[in-house]
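File shown here: input17.txt, holding compact mmCIF, C-alpha atoms.
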# COMPACT_ATOMS: atom_id res chain seq x y z
CA MET I 1 -24.35 3.44 -13.21
CA GLY I 2 -22.74 0.04 -12.68
CA PHE I 3 -19.44 -1.04 -14.16
CA GLU I 4 -20.92 -3.20 -16.91
CA GLU I 5 -23.17 -0.38 -18.16
CA LEU I 6 -20.35 2.15 -17.92
CA PHE I 7 -18.08 -0.13 -19.92
CA LYS I 8 -20.66 -0.60 -22.67
CA ASN I 9 -21.51 3.10 -22.92
CA SER I 10 -17.97 4.52 -22.80
CA ASP I 11 -15.54 4.93 -25.70
CA ILE I 12 -12.61 5.46 -23.31
CA LEU I 13 -11.96 4.30 -19.74
CA LEU I 14 -8.75 5.39 -18.05
CA THR I 15 -6.93 3.21 -15.57
CA GLU I 16 -4.35 4.12 -12.97
CA GLY I 17 -0.71 4.29 -13.93
CA ALA I 18 2.14 2.68 -12.02
CA LEU I 19 1.92 2.35 -8.26
CA VAL I 20 4.55 -0.12 -7.05
CA GLU I 21 7.50 1.18 -9.04
CA ARG I 22 6.64 4.79 -8.24
CA LEU I 23 6.37 4.04 -4.53
CA LYS I 24 9.84 2.53 -4.60
CA ASP I 25 11.41 5.06 -6.95
CA GLU I 26 9.86 8.33 -5.75
CA TYR I 27 9.54 7.59 -2.04
CA ASN I 28 12.32 5.04 -1.54
CA LEU I 29 9.88 2.74 0.21
CA VAL I 30 10.78 -0.87 0.97
CA LEU I 31 7.67 -2.93 0.31
CA ASP I 32 6.54 -5.99 2.23
CA ASP I 33 8.05 -9.27 1.04
CA TYR I 34 4.70 -11.02 1.02
CA VAL I 35 1.84 -8.56 0.45
CA ASN I 36 3.87 -5.87 -1.33
CA HIS I 37 2.35 -2.38 -1.34
CA ALA I 38 -0.87 -3.51 0.37
CA ALA I 39 1.09 -3.12 3.63
CA LEU I 40 1.09 0.65 3.03
CA LEU I 41 -2.60 0.69 3.94
CA TYR I 42 -1.33 0.50 7.51
CA THR I 43 2.18 1.97 7.40
CA GLU I 44 1.99 4.81 4.83
CA PRO I 45 -1.69 5.42 4.03
CA GLU I 46 -1.17 9.08 3.10
CA ILE I 47 1.48 8.26 0.48
CA LEU I 48 -0.56 5.40 -0.99
CA GLY I 49 -3.77 7.42 -0.94
CA GLY I 50 -2.05 10.42 -2.48
CA MET I 51 -0.98 8.37 -5.48
CA TYR I 52 -4.49 7.02 -6.03
CA LYS I 53 -5.85 10.58 -5.73
CA GLN I 54 -3.54 11.72 -8.53
CA TYR I 55 -5.15 9.23 -10.92
CA MET I 56 -8.70 9.98 -9.76
CA ALA I 57 -8.05 13.70 -10.21
CA LEU I 58 -6.90 13.13 -13.79
CA GLY I 59 -10.05 11.21 -14.63
CA CYS I 60 -12.04 14.11 -13.17
CA LYS I 61 -9.95 16.68 -15.08
CA TYR I 62 -10.87 15.10 -18.43
CA ASP I 63 -14.30 13.85 -17.32
CA LEU I 64 -13.41 10.27 -18.24
CA PRO I 65 -14.37 7.17 -16.28
CA VAL I 66 -11.38 5.85 -14.35
CA MET I 67 -10.68 2.34 -13.09
CA LEU I 68 -8.67 2.01 -9.87
CA MET I 69 -7.56 -1.37 -8.52
CA THR I 70 -6.93 -2.32 -4.91
CA PRO I 71 -3.23 -2.85 -4.02
CA THR I 72 -3.79 -6.57 -3.58
CA ARG I 73 -2.28 -8.47 -6.52
CA LYS I 74 0.12 -10.26 -4.18
CA VAL I 75 -2.43 -10.81 -1.39
CA ASN I 76 -3.81 -14.33 -0.98
CA TYR I 77 -4.29 -16.58 2.01
CA GLU I 78 -0.81 -18.09 1.64
CA SER I 79 1.08 -14.82 1.27
CA LEU I 80 -0.94 -13.15 4.02
CA SER I 81 -0.26 -15.98 6.45
CA LYS I 82 3.50 -15.37 6.07
CA SER I 83 3.23 -11.60 6.42
CA SER I 84 3.41 -9.53 9.59
CA PHE I 85 -0.03 -8.26 8.54
CA HIS I 86 -1.62 -11.71 8.88
CA ASP I 87 -4.03 -10.38 11.53
CA LYS I 88 -5.43 -7.76 9.14
CA ASN I 89 -8.37 -8.11 6.75
CA VAL I 90 -6.32 -6.65 3.92
CA LEU I 91 -8.82 -7.21 1.11
CA ALA I 92 -11.68 -5.59 3.02
CA ASP I 93 -9.50 -2.75 4.26
CA SER I 94 -8.25 -1.99 0.75
CA CYS I 95 -11.80 -1.71 -0.59
CA LEU I 96 -12.82 0.57 2.27
CA PHE I 97 -9.68 2.68 1.75
CA LEU I 98 -10.38 3.35 -1.95
CA ASN I 99 -14.10 3.86 -1.49
CA GLU I 100 -13.48 6.52 1.15
CA ILE I 101 -11.30 8.41 -1.33
CA LYS I 102 -13.83 7.88 -4.13
CA LYS I 103 -16.65 9.41 -2.09
CA SER I 104 -14.70 12.67 -1.73
CA TYR I 105 -15.12 13.38 -5.46
CA GLY I 106 -18.81 14.33 -5.32
CA VAL I 107 -20.76 13.94 -8.56
CA TYR I 108 -17.69 12.64 -10.43
CA SER I 109 -17.45 9.69 -8.03
CA ASP I 110 -20.07 7.91 -10.17
CA LYS I 111 -17.36 7.58 -12.83
CA ILE I 112 -14.75 6.18 -10.44
CA MET I 113 -14.83 2.40 -10.59
CA ILE I 114 -13.12 0.48 -7.78
CA GLY I 115 -11.83 -2.95 -8.74
CA GLY I 116 -10.72 -5.79 -6.49
CA LEU I 117 -7.33 -6.91 -7.82
CA LEU I 118 -6.32 -10.57 -7.79
CA GLY I 119 -3.09 -12.00 -9.12
CA CYS I 120 -1.55 -15.33 -10.00
CA LYS I 121 -0.13 -17.48 -7.22
CA GLY I 122 3.41 -17.49 -8.57
CA ASP I 123 5.56 -15.34 -10.83
CA ALA I 124 3.53 -13.32 -13.33
CA TYR I 125 6.53 -13.10 -15.65
CA SER I 126 6.85 -16.85 -16.10
CA ALA I 127 4.62 -19.92 -16.23
CA ASP I 128 6.88 -22.02 -14.01
CA ASN I 129 4.53 -22.22 -11.03
CA SER I 130 1.40 -23.23 -12.91
CA MET I 131 -1.53 -25.08 -11.35
CA ASN I 132 -4.23 -27.12 -12.98
CA ILE I 133 -7.69 -25.60 -13.36
CA ASP I 134 -9.23 -27.19 -10.25
CA GLU I 135 -6.26 -26.23 -8.08
CA ALA I 136 -6.46 -22.65 -9.33
CA TYR I 137 -10.20 -22.53 -8.69
CA GLN I 138 -9.80 -23.71 -5.11
CA PHE I 139 -6.88 -21.36 -4.47
CA HIS I 140 -8.61 -18.22 -5.77
CA CYS I 141 -12.08 -18.93 -4.32
CA ASN I 142 -10.95 -17.53 -0.98
CA GLN I 143 -10.01 -14.12 -2.41
CA ALA I 144 -13.05 -13.94 -4.65
CA LEU I 145 -15.39 -14.74 -1.76
CA GLN I 146 -13.84 -12.06 0.44
CA PHE I 147 -14.16 -9.46 -2.31
CA SER I 148 -17.81 -10.42 -2.90
CA LYS I 149 -18.63 -9.17 0.60
CA GLN I 150 -17.18 -5.71 -0.05
CA GLU I 151 -18.34 -2.53 -1.78
CA ILE I 152 -16.70 -3.14 -5.13
CA ASP I 153 -17.54 -2.32 -8.76
CA PHE I 154 -15.63 -5.06 -10.56
CA LEU I 155 -12.93 -7.70 -10.09
CA PHE I 156 -9.69 -7.73 -12.02
CA ALA I 157 -7.34 -10.68 -12.57
CA GLY I 158 -4.05 -8.97 -13.36
CA ILE I 159 -0.96 -10.11 -15.29
CA MET I 160 -2.09 -13.72 -15.80
CA PRO I 161 0.71 -15.64 -17.59
CA GLU I 162 -0.82 -19.09 -17.95
CA ILE I 163 -4.14 -20.40 -19.22
CA ASN I 164 -5.04 -23.03 -16.61
CA GLU I 165 -4.73 -20.67 -13.66
CA ALA I 166 -6.59 -18.00 -15.63
CA ILE I 167 -9.49 -20.40 -16.22
CA GLY I 168 -9.56 -21.49 -12.57
CA MET I 169 -9.46 -17.90 -11.37
CA ALA I 170 -12.19 -16.88 -13.82
CA ARG I 171 -14.41 -19.68 -12.50
CA ALA I 172 -13.84 -18.55 -8.92
CA ILE I 173 -14.63 -14.94 -9.78
CA ALA I 174 -17.68 -15.92 -11.84
CA ASP I 175 -19.19 -17.49 -8.70
CA THR I 176 -19.41 -14.01 -7.14
CA ASN I 177 -21.65 -12.57 -9.88
CA ILE I 178 -19.47 -9.44 -9.88
CA PRO I 179 -18.42 -8.10 -13.33
CA TYR I 180 -14.81 -8.98 -14.01
CA ILE I 181 -11.89 -8.68 -16.41
CA ILE I 182 -9.08 -11.12 -17.14
CA SER I 183 -5.81 -9.41 -18.05
CA PHE I 184 -2.99 -11.45 -19.57
CA MET I 185 0.79 -11.19 -19.52
CA ILE I 186 1.72 -11.69 -23.17
CA ARG I 187 4.68 -11.73 -25.50
CA LYS I 188 4.88 -9.98 -28.85
CA ASP I 189 4.53 -13.39 -30.52
CA GLY I 190 0.82 -13.09 -29.67
CA CYS I 191 0.80 -15.66 -26.88
CA LEU I 192 0.58 -15.85 -23.12
CA ILE I 193 3.83 -16.77 -21.37
CA ASP I 194 2.87 -20.46 -21.53
CA GLY I 195 2.51 -20.30 -25.33
CA THR I 196 -1.29 -20.11 -25.55
CA PRO I 197 -2.41 -17.65 -28.26
CA ILE I 198 -4.50 -14.78 -26.92
CA SER I 199 -7.45 -15.70 -29.15
CA GLU I 200 -7.41 -19.30 -27.92
CA ALA I 201 -7.17 -18.20 -24.28
CA ILE I 202 -10.26 -16.02 -24.70
CA GLU I 203 -12.24 -18.84 -26.30
CA LEU I 204 -11.24 -21.31 -23.58
CA ILE I 205 -12.20 -19.01 -20.70
CA ASP I 206 -15.47 -17.95 -22.33
CA LYS I 207 -16.45 -21.60 -22.83
CA GLN I 208 -15.44 -22.80 -19.37
CA THR I 209 -17.02 -20.17 -17.12
CA SER I 210 -20.60 -19.80 -15.96
CA THR I 211 -20.39 -16.03 -16.45
CA LYS I 212 -17.99 -14.66 -19.03
CA PRO I 213 -15.61 -11.80 -18.27
CA ILE I 214 -16.79 -8.35 -19.36
CA CYS I 215 -13.71 -8.30 -21.57
CA TYR I 216 -10.03 -9.24 -21.75
CA MET I 217 -6.93 -7.06 -21.81
CA THR I 218 -3.24 -7.01 -20.98
CA ASN I 219 -1.09 -5.19 -18.49
CA CYS I 220 2.64 -4.69 -18.00
CA VAL I 221 3.16 -4.86 -21.80
CA HIS I 222 4.54 -2.09 -24.05
CA PRO I 223 2.06 -0.94 -26.74
CA THR I 224 4.60 -1.73 -29.48
CA ASN I 225 4.64 -5.33 -28.31
CA LEU I 226 0.86 -5.50 -28.08
CA ILE I 227 0.42 -4.19 -31.62
CA GLN I 228 2.81 -6.87 -32.88
CA ALA I 229 0.96 -9.53 -30.86
CA LEU I 230 -2.45 -8.54 -32.23
CA LYS I 231 -1.16 -8.56 -35.81
CA ARG I 232 -0.03 -12.19 -35.60
CA ASP I 233 -1.98 -14.61 -37.80
CA VAL I 234 -2.76 -16.74 -34.76
CA ASN I 235 -4.83 -13.85 -33.36
CA ASP I 236 -6.71 -13.00 -36.55
CA SER I 237 -10.04 -13.99 -35.05
CA LEU I 238 -13.44 -12.37 -34.57
CA VAL I 239 -13.56 -13.34 -30.89
CA LEU I 240 -10.35 -11.45 -30.16
CA LYS I 241 -11.53 -8.36 -32.01
CA LYS I 242 -14.79 -8.37 -30.05
CA ARG I 243 -13.47 -9.32 -26.62
CA PHE I 244 -9.94 -7.91 -26.21
CA LYS I 245 -10.41 -4.32 -25.09
CA GLY I 246 -7.53 -2.78 -23.19
CA ILE I 247 -3.96 -2.27 -22.07
CA GLN I 248 -2.18 -0.97 -19.01
CA ALA I 249 1.09 -0.20 -20.74
CA ASN I 250 4.58 -0.93 -19.47
CA ALA I 251 6.99 1.85 -20.44
CA SER I 252 9.67 -0.64 -21.49
CA ILE I 253 9.77 -2.59 -24.73
CA LEU I 254 11.72 -5.43 -23.06
CA SER I 255 10.30 -8.96 -22.99
CA PRO I 256 8.68 -10.30 -19.78
CA GLU I 257 11.78 -12.36 -19.02
CA GLU I 258 14.08 -9.37 -19.51
CA LEU I 259 11.90 -7.18 -17.31
CA ASN I 260 11.80 -9.84 -14.60
CA ASN I 261 15.58 -9.95 -14.35
CA CYS I 262 16.15 -6.22 -14.68
CA GLY I 263 17.08 -4.37 -11.51
CA VAL I 264 16.66 -0.93 -13.06
CA LEU I 265 13.29 0.66 -13.83
CA GLN I 266 12.90 0.86 -17.60
CA GLN I 267 11.20 3.90 -19.12
CA GLY I 268 10.85 4.66 -22.80
CA ASP I 269 9.45 7.59 -24.76
CA PHE I 270 6.03 8.62 -23.44
CA ALA I 271 5.13 10.53 -26.62
CA GLY I 272 5.74 7.49 -28.80
CA MET I 273 3.83 5.26 -26.41
CA ILE I 274 0.84 7.58 -26.44
CA GLU I 275 0.77 7.62 -30.25
CA GLU I 276 0.63 3.83 -30.20
CA MET I 277 -2.06 3.86 -27.50
CA GLN I 278 -4.13 6.03 -29.83
CA ILE I 279 -3.59 3.50 -32.63
CA LEU I 280 -4.71 0.70 -30.29
CA ASN I 281 -7.84 2.72 -29.54
CA SER I 282 -8.72 3.66 -33.11
CA ASP I 283 -7.53 0.61 -35.09
CA PHE I 284 -7.89 -2.23 -32.59
CA GLY I 285 -10.85 -1.12 -30.49
CA MET I 286 -9.02 -0.74 -27.18
CA LYS I 287 -11.17 1.32 -24.82
CA ILE I 288 -9.48 0.62 -21.45
CA LEU I 289 -6.22 2.57 -21.52
CA GLY I 290 -3.72 3.28 -18.78
CA GLY I 291 -0.28 2.55 -17.43
CA CYS I 292 1.81 0.02 -15.57
CA CYS I 293 5.51 -0.12 -14.63
CA GLY I 294 7.51 2.91 -15.75
CA THR I 295 4.49 5.19 -16.18
CA ASN I 296 3.23 7.89 -13.81
CA ASP I 297 0.65 10.63 -13.41
CA LYS I 298 2.32 12.69 -16.15
CA PHE I 299 1.88 9.81 -18.59
CA ILE I 300 -1.81 9.37 -17.71
CA ASP I 301 -2.35 13.13 -17.99
CA ALA I 302 -0.77 13.29 -21.46
CA LEU I 303 -2.58 10.14 -22.59
CA ALA I 304 -5.99 11.39 -21.46
CA LYS I 305 -5.41 14.78 -23.10
CA LYS I 306 -4.59 13.17 -26.47
CA LEU I 307 -7.51 10.74 -26.28
CA VAL I 308 -10.00 13.52 -25.48
CA GLU I 309 -8.61 15.78 -28.20
CA LYS I 310 -8.91 12.99 -30.75
CA SER I 311 -12.43 12.13 -29.64
CA GLU I 312 -13.52 15.77 -29.90
CA SER I 313 -11.90 16.07 -33.31
CA ASN I 314 -13.72 12.98 -34.57
CA SER I 315 -17.05 14.24 -33.28
CA ILE I 316 -16.62 17.54 -35.15
CA VAL I 317 -15.87 15.71 -38.39
Would you mind giving the structure from this file in structure tokens?
Amino acid sequence: MGFEELFKNSDILLTEGALVERLKDEYNLVLDDYVNHAALLYTEPEILGGMYKQYMALGCKYDLPVMLMTPTRKVNYESLSKSSFHDKNVLADSCLFLNEIKKSYGVYSDKIMIGGLLGCKGDAYSADNSMNIDEAYQFHCNQALQFSKQEIDFLFAGIMPEINEAIGMARAIADTNIPYIISFMIRKDGCLIDGTPISEAIELIDKQTSTKPICYMTNCVHPTNLIQALKRDVNDSLVLKKRFKGIQANASILSPEELNNCGVLQQGDFAGMIEEMQILNSDFGMKILGGCCGTNDKFIDALAKKLVEKSESNSIV
């Protein structure tokens, strides 16, 4: 079953939890200045693979589809050229790395979806380094083309703070004919970092791409903040209700700017977060649910358990 069919036929899809912050916090790893944790494909593959295996195992434990993304949000032709790993085919190697792990899960591997992760050129927590649409298209075509040659289930544009780059990236990804998702960085005022309302951003991308994203979502945002954002009048639209379908939750309620300038990992109450994730699922139609900074395998385990229990309870009623 392909990703698009799995998405349509599933009430819940798990994602991975945090990777980067856990690698730094739990293993005291110093990540590459340019390609971040993608360098671990070559320097610490067992540690990186072990963390991905934790999230795959949890999907298997609860028999839920799980979405895993390559460790490549910071990898583009500019960043790679400055890195000591410039002679490596990082995007291809990351896809091979995850697919090798996926294949070890037997029958359940059909529910493990591997996504090629792309990120904005600049700082995801601000819109200061924005490009126009054509510049963004040209910049991201290189990554999208490389991913199109790999064994991959979907593409994922993560933590996009600004509408023009999001449109340009979506156009570049659409050229590959691979199913894809655009995930925004948003504030609780209901807007992207550049001030574009979520509903407007969805409409603009849908209208300006040859193939629309499968859906839209957010990552690195606390569920409290997302609930506030979705309740804003500016997002009271049918297109948002139909097209906005997920969250990878940050464990901190701080704003993007506060998180960007915070040197200490922020972690709130997992139980409260999971209650709000359930509300996002039941009241707002979120079906892609997982974690980002400040979360871990324990969070994903507890989240999956609650979601499955609720689903089974609803089916009995």
Using all atoms listed in the file, which residue out of I:Ser94, I:Gln208, I:Asn28, I:Thr15 lies closest to I:Tyr55?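 For I:Tyr55, the nearest of the given residues is I:Thr15.
In this structure, atom CA of I:Cys215 sits 27.8 Å away from atom CA of I:Gly49.
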Determine, counting all atoms listed in the file, which protein, DNA and RNA residues have an atom within 10 Å of an atom of I:Asp11; residues of the same chain fewer than 3 positions away are not included. Present the result as a CSV table (one decimal) with C-alpha atoms, in the coordinates of the input.
chain,number,residue,atom,x,y,z
I,6,LEU,CA,-20.4,2.2,-17.9
I,7,PHE,CA,-18.1,-0.1,-19.9
I,8,LYS,CA,-20.7,-0.6,-22.7
I,64,LEU,CA,-13.4,10.3,-18.2
I,65,PRO,CA,-14.4,7.2,-16.3
I,281,ASN,CA,-7.8,2.7,-29.5
I,285,GLY,CA,-10.8,-1.1,-30.5
I,286,MET,CA,-9.0,-0.7,-27.2
I,287,LYS,CA,-11.2,1.3,-24.8
I,288,ILE,CA,-9.5,0.6,-21.4
I,307,LEU,CA,-7.5,10.7,-26.3
I,311,SER,CA,-12.4,12.1,-29.6
Give as a list in words the set of residues within 9 Å of the point (-2.8, -7.5, -5.9), where distances use the file's coordinates and all atoms listed in the file.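 Applying the cut-off with all atoms listed in the file, one gets Val35, Asn36, His37, Ala38, Met69, Thr70, Pro71, Thr72, Arg73, Lys74, Val75, Asn76, Gly116, Leu117, Leu118, Gly119, Cys120, Ala157 and Gly158 of chain I.
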Spatial neighbours of I:Glu162, 8 Å, all atoms listed in the file, chain gap at least 3 places, as a list in words: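 The residues that qualify are Ala127, Ser130, Glu165, Ala166, Leu192, Ile193, Asp194 and Thr196 of chain I.
Near I:Asp297, within 8 Å and counting all atoms listed in the file, sit Gly17, Gln54, Tyr55 and Leu58 of chain I, not including residues fewer than 5 positions from it in the same chain.
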Closest of I:Asp110, I:Glu16, I:Asp93, I:Asp236 to I:Leu289 - atom-to-atom distances counting all atoms listed in the file: I:Glu16
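Among the candidate residues I:Phe3, I:Tyr137, I:Tyr125, I:Phe147, the one lying nearest to I:Phe184 is I:Tyr125, with distances computed using all atoms listed in the file.
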What is the atom CA of I:Gly168 to atom CA of I:Leu204 distance in Å?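 Interatomic distance here is 11.1 Å.
Minimum atom-to-atom distance to I:Ile274, evaluated using only C-alpha atoms, belongs to I:Asp301 out of I:Glu151, I:Asp301, I:Asp87, I:Asp233.
Taking atom CA of I:Ser199 and atom CA of I:Arg171 as the two end points, the separation is 18.5 Å.
Distances to I:Met1 were evaluated for I:Leu68, I:Ile112, I:Ala57, I:Ile247 using all atoms listed in the file, and the minimum falls at I:Ile112.
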